Structure formats: structure tokens, C-alpha cells
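K.L.:
Structure file start.txt (compact mmCIF, C-alpha atoms) right here:
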```txt
# COMPACT_ATOMS: atom_id res chain seq x y z
CA MET N 1 19.52 111.00 134.73
CA HIS N 2 21.35 112.36 131.70
CA ASP N 3 23.31 110.26 129.22
CA ALA N 4 27.03 110.63 129.78
CA LEU N 5 29.60 111.15 127.06
CA TYR N 6 33.00 109.46 126.78
CA PHE N 7 32.70 105.85 127.89
CA GLU N 8 33.00 102.39 126.42
CA LYS N 9 31.06 99.23 127.16
CA LEU N 10 32.87 96.22 128.63
CA GLU N 11 31.96 92.61 129.23
CA GLY N 12 29.70 91.69 132.10
CA GLY N 13 27.69 94.89 131.92
CA LYS N 14 30.62 97.03 133.05
CA VAL N 15 31.62 100.34 131.46
CA ARG N 16 34.89 102.26 131.33
CA CYS N 17 34.63 106.03 131.70
CA THR N 18 37.08 107.81 129.38
CA LEU N 19 36.42 111.40 130.49
CA CYS N 20 39.46 111.66 132.77
CA PRO N 21 42.76 109.77 133.15
CA HIS N 22 41.42 107.57 135.95
CA GLY N 23 39.58 105.49 133.36
CA CYS N 24 37.21 104.10 136.00
CA VAL N 25 35.83 100.64 135.25
CA ILE N 26 32.33 100.80 136.73
CA ALA N 27 30.08 97.86 137.50
CA GLU N 28 26.30 97.97 137.24
CA GLY N 29 24.81 100.30 139.86
CA LYS N 30 28.19 101.71 140.89
CA ARG N 31 29.73 105.17 140.50
CA GLY N 32 33.14 106.32 139.38
CA ILE N 33 35.72 108.05 141.59
CA CYS N 34 34.17 111.47 140.92
CA ARG N 35 30.72 110.25 142.13
CA GLY N 36 28.98 112.08 139.27
CA ARG N 37 28.86 109.20 136.78
CA LYS N 38 27.01 105.92 137.30
CA ASN N 39 26.57 102.65 135.43
CA VAL N 40 22.85 102.16 134.85
CA GLY N 41 21.98 99.08 132.82
CA GLY N 42 25.36 98.98 131.12
CA MET N 43 25.19 102.66 130.12
CA LEU N 44 27.04 105.54 131.76
CA LYS N 45 24.79 108.25 133.18
CA ALA N 46 25.67 111.73 134.43
CA THR N 47 23.76 111.68 137.72
CA ASN N 48 24.99 115.19 138.59
CA TYR N 49 23.51 116.86 135.48
CA ALA N 50 22.06 120.28 136.46
CA GLU N 51 22.31 119.39 140.15
CA THR N 52 23.87 122.50 141.65
CA VAL N 53 25.34 122.53 145.13
CA SER N 54 26.46 126.16 145.23
CA ILE N 55 25.32 129.35 143.47
CA ALA N 56 26.82 132.80 144.07
CA LEU N 57 27.66 136.05 142.32
CA ASP N 58 31.39 136.46 142.88
CA PRO N 59 34.02 139.00 141.89
CA ILE N 60 35.89 137.43 139.01
CA GLU N 61 39.10 138.06 140.97
CA LYS N 62 37.91 135.39 143.43
CA LYS N 63 38.31 132.59 140.84
CA PRO N 64 41.12 133.86 140.75
CA LEU N 65 41.27 135.59 137.37
CA TYR N 66 43.13 138.91 137.39
CA HIS N 67 43.53 139.44 133.65
CA PHE N 68 39.98 138.68 132.55
CA TYR N 69 37.32 141.38 132.92
CA PRO N 70 38.81 142.83 136.13
CA GLY N 71 36.30 144.31 138.53
CA ARG N 72 33.33 142.42 137.05
CA ASP N 73 31.07 139.92 138.82
CA ILE N 74 30.43 136.42 137.50
CA LEU N 75 27.72 133.92 138.35
CA SER N 76 29.52 130.97 139.94
CA ILE N 77 28.03 127.49 140.18
CA GLY N 78 29.27 124.04 141.12
CA ALA N 79 28.27 120.41 141.65
CA ASN N 80 29.05 117.79 144.25
CA GLY N 81 32.14 115.68 143.63
CA CYS N 82 35.69 115.69 142.32
CA ASN N 83 37.99 113.31 140.48
CA PHE N 84 40.79 114.07 142.94
CA SER N 85 40.92 113.10 146.62
CA CYS N 86 43.25 115.79 147.92
CA ASN N 87 44.15 115.42 151.59
CA PHE N 88 44.25 119.23 151.83
CA CYS N 89 40.94 119.86 150.01
CA GLN N 90 39.72 123.39 150.78
CA ASN N 91 36.11 122.62 149.74
CA TRP N 92 35.91 119.08 151.08
CA GLU N 93 32.30 119.42 152.31
CA ILE N 94 31.09 119.41 148.68
CA ALA N 95 34.08 117.98 146.82
CA GLN N 96 34.57 114.90 149.02
CA ARG N 97 31.05 114.67 150.46
CA ASP N 98 27.55 115.12 149.05
CA ALA N 99 25.57 118.21 150.05
CA PRO N 100 21.95 119.02 149.14
CA THR N 101 21.51 120.28 145.58
CA ARG N 102 19.18 122.53 143.61
CA HIS N 103 18.20 121.61 140.05
CA LEU N 104 19.32 124.44 137.77
CA SER N 105 18.71 123.82 134.09
CA PRO N 106 21.10 125.35 131.53
CA GLU N 107 18.39 127.84 130.57
CA GLU N 108 17.79 128.81 134.20
CA ALA N 109 21.52 129.27 134.81
CA VAL N 110 21.89 131.62 131.85
CA SER N 111 18.74 133.54 132.83
CA LEU N 112 20.19 134.00 136.32
CA ALA N 113 23.46 135.31 134.88
CA LEU N 114 21.64 137.82 132.68
CA LYS N 115 19.41 138.95 135.54
CA ASN N 116 22.45 139.70 137.71
CA ASN N 117 24.42 141.56 135.02
CA SER N 118 27.10 138.86 135.17
CA VAL N 119 29.92 138.75 132.67
CA GLY N 120 29.08 135.06 132.24
CA ILE N 121 29.13 131.81 134.18
CA ALA N 122 32.04 130.29 136.12
CA TYR N 123 31.90 126.55 136.68
CA THR N 124 33.81 126.26 139.94
CA TYR N 125 33.89 125.39 143.69
CA THR N 126 34.44 121.66 143.06
CA GLU N 127 35.82 120.06 139.87
CA PRO N 128 33.69 121.34 136.97
CA LEU N 129 34.98 118.88 134.39
CA ILE N 130 33.06 116.03 136.08
CA TRP N 131 29.98 118.15 135.19
CA TYR N 132 30.98 117.83 131.57
CA GLU N 133 27.63 117.28 129.87
CA TYR N 134 25.93 120.07 131.81
CA ILE N 135 28.73 122.51 131.06
CA LEU N 136 28.65 121.59 127.38
CA ASP N 137 24.92 122.32 127.13
CA THR N 138 25.03 125.46 129.28
CA ALA N 139 28.10 126.91 127.60
CA LYS N 140 26.39 126.87 124.20
CA ILE N 141 23.52 128.99 125.52
CA VAL N 142 25.95 131.28 127.38
CA ARG N 143 27.77 131.95 124.12
CA SER N 144 24.53 132.59 122.23
CA LYS N 145 23.70 135.36 124.72
CA GLY N 146 27.09 137.06 124.34
CA LEU N 147 28.31 136.01 127.78
CA LYS N 148 31.56 134.29 128.82
CA ASN N 149 32.31 130.77 130.05
CA VAL N 150 34.94 130.25 132.75
CA LEU N 151 36.32 126.99 134.17
CA VAL N 152 38.13 126.79 137.51
CA SER N 153 39.62 123.33 137.26
CA ASN N 154 42.26 120.86 138.39
CA GLY N 155 42.91 120.13 134.71
CA TYR N 156 42.56 116.37 135.15
CA ILE N 157 40.79 115.45 131.93
CA ASN N 158 41.63 113.44 128.83
CA GLU N 159 42.73 115.26 125.72
CA GLU N 160 39.77 114.41 123.46
CA PRO N 161 36.98 115.75 125.72
CA LEU N 162 39.05 118.81 126.62
CA LYS N 163 39.59 119.67 122.96
CA ALA N 164 35.87 119.27 122.31
CA LEU N 165 34.97 121.65 125.15
CA LEU N 166 37.60 124.38 124.71
CA PRO N 167 35.95 126.12 121.71
CA LEU N 168 33.12 127.09 124.08
CA ILE N 169 35.38 128.29 126.91
CA ASP N 170 36.74 131.82 127.26
CA ALA N 171 38.97 131.55 130.32
CA MET N 172 40.34 128.97 132.73
CA ASN N 173 42.12 128.98 136.03
CA ILE N 174 43.91 125.66 136.37
CA ASP N 175 45.43 124.35 139.60
CA VAL N 176 48.98 123.10 139.24
CA LYS N 177 49.36 121.73 142.73
CA SER N 178 53.03 120.75 142.45
CA MET N 179 55.66 119.99 139.84
CA ASP N 180 56.27 116.66 141.57
CA ASP N 181 54.33 113.68 140.25
CA GLN N 182 54.79 111.84 143.55
CA PHE N 183 52.99 114.69 145.32
CA TYR N 184 50.02 114.19 142.99
CA ARG N 185 49.98 110.45 143.53
CA ARG N 186 50.37 110.66 147.30
CA GLU N 187 48.28 113.73 148.15
CA CYS N 188 45.69 113.91 145.34
CA LYS N 189 45.39 110.32 144.07
CA GLY N 190 46.14 111.52 140.56
CA SER N 191 49.13 112.33 138.36
CA LEU N 192 50.89 115.45 137.11
CA GLU N 193 51.32 114.90 133.37
CA PRO N 194 47.63 115.22 132.36
CA VAL N 195 47.41 118.51 134.27
CA LEU N 196 50.43 119.96 132.48
CA ARG N 197 49.01 118.80 129.16
CA SER N 198 45.70 120.54 129.92
CA VAL N 199 47.47 123.83 130.64
CA GLU N 200 49.50 123.51 127.44
CA LEU N 201 46.42 122.78 125.31
CA ALA N 202 44.18 125.39 126.92
CA SER N 203 46.77 128.18 126.84
CA LYS N 204 46.84 127.97 123.04
CA LEU N 205 43.08 128.53 122.72
CA VAL N 206 41.70 130.41 125.74
CA HIS N 207 42.83 132.82 128.42
CA VAL N 208 44.59 130.79 131.14
CA GLU N 209 45.78 131.65 134.63
CA VAL N 210 47.40 129.14 137.00
CA THR N 211 47.07 128.69 140.77
CA ASN N 212 49.49 126.94 143.11
CA LEU N 213 48.35 126.36 146.71
CA ILE N 214 51.48 126.36 148.86
CA ILE N 215 51.45 123.74 151.63
CA PRO N 216 54.34 123.86 154.13
CA GLY N 217 56.50 120.75 154.00
CA LEU N 218 54.74 119.31 150.95
CA ASN N 219 55.24 121.58 147.93
CA ASP N 220 56.96 124.70 149.27
CA SER N 221 60.54 124.14 148.08
CA ASP N 222 62.45 126.67 146.01
CA ASP N 223 62.88 123.94 143.40
CA ASN N 224 59.10 123.52 143.05
CA PHE N 225 58.62 127.28 142.58
CA LYS N 226 61.46 127.47 140.07
CA ARG N 227 60.31 124.47 138.04
CA LEU N 228 56.77 125.83 137.91
CA ALA N 229 57.94 129.26 136.75
CA ASP N 230 60.39 127.80 134.23
CA TRP N 231 57.71 125.59 132.71
CA LEU N 232 55.06 128.33 132.54
CA SER N 233 57.51 130.80 131.02
CA SER N 234 58.35 128.23 128.33
CA LEU N 235 54.66 128.33 127.34
CA ASN N 236 54.18 132.08 127.73
CA PRO N 237 55.78 134.38 130.33
CA ASP N 238 52.56 136.44 130.36
CA ILE N 239 50.51 133.58 131.89
CA PRO N 240 49.47 134.91 135.34
CA LEU N 241 50.52 132.71 138.27
CA HIS N 242 48.70 132.89 141.60
CA PHE N 243 50.43 131.54 144.71
CA SER N 244 47.76 130.91 147.32
CA ALA N 245 48.19 130.51 151.07
CA TYR N 246 46.99 127.24 152.60
CA ARG N 247 45.06 126.79 155.84
CA PRO N 248 44.79 123.41 157.64
CA CYS N 249 41.76 121.63 156.23
CA TYR N 250 40.20 118.20 155.77
CA LYS N 251 42.88 115.52 156.38
CA CYS N 252 45.93 117.78 156.20
CA THR N 253 47.39 119.17 159.43
CA ALA N 254 50.36 121.07 158.01
CA PRO N 255 50.69 124.57 159.50
CA PRO N 256 49.38 127.61 157.59
CA THR N 257 51.58 129.03 154.85
CA PRO N 258 53.91 131.70 156.31
CA ASP N 259 54.02 135.10 154.63
CA SER N 260 57.76 134.60 154.18
CA THR N 261 57.12 131.54 151.97
CA LEU N 262 54.65 133.44 149.81
CA LEU N 263 57.14 136.26 149.35
CA ARG N 264 59.90 133.79 148.51
CA ALA N 265 57.70 132.15 145.88
CA LEU N 266 56.86 135.56 144.45
CA GLU N 267 60.51 136.53 144.20
CA ILE N 268 61.55 133.26 142.52
CA ALA N 269 58.70 133.13 140.00
CA SER N 270 58.97 136.82 139.10
CA LYS N 271 62.39 136.16 137.61
CA LYS N 272 60.70 134.25 134.77
CA LEU N 273 57.06 135.42 134.73
CA ASN N 274 55.65 138.88 134.14
CA TYR N 275 52.58 138.54 136.36
CA VAL N 276 52.79 136.77 139.73
CA TYR N 277 50.20 137.22 142.48
CA LEU N 278 49.67 136.22 146.11
CA GLY N 279 46.24 135.10 147.30
CA ASN N 280 44.42 134.12 150.50
CA SER N 281 46.77 136.42 152.39
CA ARG N 282 46.68 139.85 154.02
CA LEU N 283 49.94 140.77 152.35
CA LYS N 284 49.46 143.93 150.32
CA ARG N 285 52.27 142.94 147.98
CA GLY N 286 51.23 140.57 145.24
CA SER N 287 47.68 141.83 144.69
CA ASP N 288 48.26 144.59 142.14
CA THR N 289 48.99 144.08 138.45
CA LEU N 290 52.34 145.74 137.73
CA CYS N 291 53.50 146.84 134.31
CA PRO N 292 56.45 144.59 133.38
CA ASN N 293 58.16 147.57 131.70
CA CYS N 294 57.84 150.54 134.08
CA GLY N 295 56.83 148.64 137.24
CA LYS N 296 53.86 150.88 138.04
CA ALA N 297 50.52 149.47 139.19
CA VAL N 298 48.23 149.28 136.17
CA ILE N 299 45.48 147.60 138.21
CA LYS N 300 45.22 148.31 141.94
CA ARG N 301 43.28 145.88 144.13
CA SER N 302 42.05 145.68 147.69
CA GLY N 303 41.05 142.12 148.40
CA PHE N 304 38.88 141.03 145.49
CA SER N 305 37.96 144.61 144.56
CA VAL N 306 39.57 146.71 141.84
CA SER N 307 40.18 150.25 143.07
CA LYS N 308 41.98 151.60 140.00
CA ASN N 309 42.46 150.44 136.41
CA ASN N 310 45.26 152.24 134.58
CA ILE N 311 45.05 150.18 131.39
CA VAL N 312 43.88 152.13 128.35
CA GLY N 313 43.42 150.39 125.03
CA GLY N 314 45.27 147.31 126.27
CA ARG N 315 48.32 149.34 127.28
CA CYS N 316 49.88 150.75 130.44
CA SER N 317 48.71 154.35 130.70
CA PHE N 318 52.11 155.36 132.10
CA CYS N 319 54.52 153.95 129.50
CA GLN N 320 52.25 152.48 126.76
CA GLU N 321 53.58 148.94 127.27
CA PRO N 322 51.02 146.32 126.09
CA VAL N 323 49.41 144.55 129.08
CA PRO N 324 47.47 141.33 128.31
CA VAL N 325 44.21 141.97 130.17
CA LEU N 326 40.92 141.03 128.48
CA ASP N 327 38.26 143.69 129.14
CA TYR N 328 36.09 144.36 126.13
```
Take the structure from the file and write it as C-alpha cells.

P.N.:
Amino acid sequence: MHDALYFEKLEGGKVRCTLCPHGCVIAEGKRGICRGRKNVGGMLKATNYAETVSIALDPIEKKPLYHFYPGRDILSIGANGCNFSCNFCQNWEIAQRDAPTRHLSPEEAVSLALKNNSVGIAYTYTEPLIWYEYILDTAKIVRSKGLKNVLVSNGYINEEPLKALLPLIDAMNIDVKSMDDQFYRRECKGSLEPVLRSVELASKLVHVEVTNLIIPGLNDSDDNFKRLADWLSSLNPDIPLHFSAYRPCYKCTAPPTPDSTLLRALEIASKKLNYVYLGNSRLKRGSDTLCPNCGKAVIKRSGFSVSKNNIVGGRCSFCQEPVPVLDY
């Protein structure tokens, strides 16, 4: 087991984990909410260090990241566990349960990325921030090899560890599941404010895109879409927003997201944001990157594949408008 960072010792052999806002107080031999951190002899240990539950070479659009090396593949890895307990969890078999793992050292992970001509490593599938120590060690080697580090996260982390990690990160996709704190408390067993803070901090230092999974009857109101777009535009109207369709999963029995709801969300958010996308849907609309000036498709996509890239030198090839897509 690997020594964990960010904890404090308490009386009676207990420890308090300070990695995320839960602040779990953990007795000897017990684990925190995320299941990746355990009290062993009055010390906090990262039991999930280098234990990898899923390894795949994915299109970077699958993260989803549409403005970060479009059309490239990225080695994607993840661990068991999560510090949320979402009733609608789309990866519950590994996020809410424990699946068999493969030990993948930081050096082995980077070697695998290089072997597969990956743009870097994406820490994803479950909540990567509970894999903090492993990501910290791996990200340093990734950087030394000229590759990129990507986090696909719920953003539920305390400010100090996030600030310590961000200098090694190149891009993040952060889930903002709702603009309603009660939704977070009821459906995710967490809270909204730390997530918003993470987006605000990260967007100042790394490339950030945001995903919102739309669940009928829970977070699909016009007000939720408007508040999300208003808040993101106040940070930067160029931050890409991905609305994703939900399918019934885990403990949630709400019906699938109708196409009409996705299109309504797209229309509302596009009034404030320059780049709004629709995911997990067969709708053709909402997959291409459109120039905010001339409206033409500067990146055309089919599913997770890029069929045409009309960005030249960071600008729309039709009207020369700057388009914030990292690809160099």
C-alpha cells in the first residue's frame, strides 16, 4: 500500500482525510467513502495506488474533449471507486462496486501510452481524483516525455490538493451535474459549491470543458440550463459545454432523455456560450464545432471521429475568426 497525502491524525487512532470535501473520519482498518483510502495503523494509505480497473485507447472526443487535440487517441485508465454515490451512475459496476484490477505502475502506463502513439494519458471512467497519489506520480513522467495529462472528473476535491495537481494537468472535463445544491445532496451525496470552485480554479490554468448529464424530471428544467450557461459564460463564454443524454442505470429509473430536451438545452445555452455540444445521442446537430462568427463547421464529426478540420493556425479557415482549439 502507498502512503496517502492530505490527512490528519485524530485521537483514538482515527484519521481525517482532507483530500475531498467529505472529510471522512476513518477508524483503524476502515476505508473512506471513496473506498480507495484506508486507515492502517493510524496512517492513511492509498490502497488503490496503481490498481487499474480499465485500460483502453479512446478517441479524445469520447472524454468528451472537443477542443483538445481533436481526432487524436488517448490512453484512458481508471481505478475502482468514487467519492460520489450517484443514483444514476453510468459506470456503477466499477464506481460503486469493486472489479478485478491490474497493477500498472506509472512507468508502465507511460510506456503503454508511447507504444500506442497516444497524445497522453486520460485518468477517467470512475473518479480520478481519488487516485490522487498515482496520478501525481504518473503525471510527472507523462510531462517528462512530452505527453499530455487529462482528468475526467466530478470536480469534488479540496482547493489545496487541486492547486497542487493542476500544474501537471493539461486538460479537464468536469461534470457539473446540476446547478441545484439539493440535487447534489439528494442524488450524489455531495454538494455543488466545491464543484463550481474546481471549475473556476481549473479554467484559469488548464483547458476545461464541462459536461451536464440531463436526467428527465431531475435536472432538465430551463432554469437549470440557463443558470449553467450564465455561470459558465461569466467565467469564459468559450468554455465548451457538453449536454449528454441519460439512459436508465443503477438506481435511477427515470426515462431516457428525449431528443427534444437536448435540443432545448442546446438552444438555451447557445445564447450565452460559443460552443455547445450534444452527446450520447444520434442527433446530428450538436456534434460539429461551429465558428461563432460565420456559423460554418470548422470541425466536422461523425460519432467520436473527426471527418474534417477546417481550423488553420488557430483560426476558422472561412472567415479567419480565432477558434480556441488546442492542437499543436

K.L.:
Have a look at atom CA of Arg35 of chain N and atom CA of Gly81 of chain N and let me know their distance in Å, one decimal.

P.N.:
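Atom CA of Gly81 of chain N lies at a distance of 5.8 Å from atom CA of Arg35 of chain N.
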
K.L.:
Can you tell me which residues surround Tyr184 of chain N at a distance of at most 10 Å, considering only C-alpha atoms, apart from same-chain residues fewer than 6 positions away, and format the answer as number ranges by chain?

P.N.:
N: 84-86, 176-178, 190-193

K.L.:
I want to know what sits within 9 Å of segment 22-25 of chain N, based on all atoms listed in the file, with residues of the same chain fewer than 4 positions away left out; could you give that as a ChimeraX atom specification?

P.N.:
/N:7,10,14-18,31-33,83,156-157,190

K.L.:
Suppose we keep C-alpha atoms; can you now write the selection as an mmCIF file, in the frame of the given file?

P.N.:
```
data_model
loop_
_atom_site.group_PDB
_atom_site.id
_atom_site.type_symbol
_atom_site.label_atom_id
_atom_site.label_comp_id
_atom_site.auth_asym_id
_atom_site.auth_seq_id
_atom_site.Cartn_x
_atom_site.Cartn_y
_atom_site.Cartn_z
ATOM 1 C CA PHE N 7 32.700 105.850 127.890
ATOM 2 C CA LEU N 10 32.870 96.220 128.630
ATOM 3 C CA LYS N 14 30.620 97.030 133.050
ATOM 4 C CA VAL N 15 31.620 100.340 131.460
ATOM 5 C CA ARG N 16 34.890 102.260 131.330
ATOM 6 C CA CYS N 17 34.630 106.030 131.700
ATOM 7 C CA THR N 18 37.080 107.810 129.380
ATOM 8 C CA ARG N 31 29.730 105.170 140.500
ATOM 9 C CA GLY N 32 33.140 106.320 139.380
ATOM 10 C CA ILE N 33 35.720 108.050 141.590
ATOM 11 C CA ASN N 83 37.990 113.310 140.480
ATOM 12 C CA TYR N 156 42.560 116.370 135.150
ATOM 13 C CA ILE N 157 40.790 115.450 131.930
ATOM 14 C CA GLY N 190 46.140 111.520 140.560
#
```

K.L.:
Please determine, counting all atoms listed in the file, which residue among N:Gln90, N:Val142, N:Asn280, N:Val53 has the shortest atom-to-atom distance to Cys252 of chain N.

P.N.:
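Using all atoms listed in the file, the shortest distance to Cys252 of chain N belongs to N:Gln90.
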
K.L.:
So, with all atoms listed in the file as the atoms that count, which of N:Lys271, N:His67, N:Arg247, N:Lys145 lies closest to Pro324 of chain N?

P.N.:
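The shortest atom-to-atom distance to Pro324 of chain N comes from N:His67.
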
K.L.:
So the first atom is atom CA of Glu61 of chain N and the second is atom CA of Asn91 of chain N; what is the distance between them in Å, to one decimal place?

P.N.:
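One can read the atom CA of Glu61 of chain N to atom CA of Asn91 of chain N distance as 18.0 Å.
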
K.L.:
What is the atom CA of Asp230 of chain N-atom CA of Met179 of chain N distance in Å, reported with one decimal?

P.N.:
10.7 Å

K.L.:
Would you kindly return, as a VMD selection string, each protein, DNA or RNA residue with an atom no farther than 12 Å from any atom of Ala202 of chain N, considering all atoms listed in the file and excluding same-chain residues fewer than 4 positions away?

P.N.:
chain N and resid 150 to 151 153 155 157 159 162 to 174 195 to 198 206 to 210 235 239

K.L.:
So, counting all atoms listed in the file, which residue among N:Val110, N:Leu232, N:Ile141, N:Met1 is closest to Ser270 of chain N?

P.N.:
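Result for the nearest residue to Ser270 of chain N: N:Leu232.
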
K.L.:
Set the distance at 9 Å and use all atoms listed in the file: which residues neighbour Met43 of chain N once local chain neighbours fewer than 4 positions away are removed? I'd like the list as a list in words.

P.N.:
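Answer for this query is Asp3, Ala4, Phe7, Glu8, Lys9, Gly13, Lys14, Val15, Glu28, Lys38 and Asn39 of chain N.
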
K.L.:
Select, from N:Glu107, N:Glu127, N:Asp73, N:Glu133, the residue with the minimum atom-to-atom distance to Tyr49 of chain N, counting only C-alpha atoms.

P.N.:
N:Glu133

K.L.:
In terms of the shortest atom-to-atom distance over all atoms listed in the file, which of N:Pro258, N:Pro64, N:Pro59, N:Gly314 is closest to Pro240 of chain N?

P.N.:
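Selected residue with least distance to Pro240 of chain N: N:Pro64.
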
K.L.:
List the spatial neighbours of Ile94 of chain N as a ChimeraX atom specification - criterion: any atom at most 9 Å away, all atoms listed in the file, same-chain residues fewer than 6 positions off excluded.

P.N.:
/N:53-54,79-82,125-126

K.L.:
Using only C-alpha atoms for the distances, tell me which of N:His242, N:Ile74, N:Asp181, N:Glu93 is nearest to Leu147 of chain N.

P.N.:
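Going through N:His242, N:Ile74, N:Asp181, N:Glu93 one by one, the smallest distance to Leu147 of chain N is for N:Ile74.
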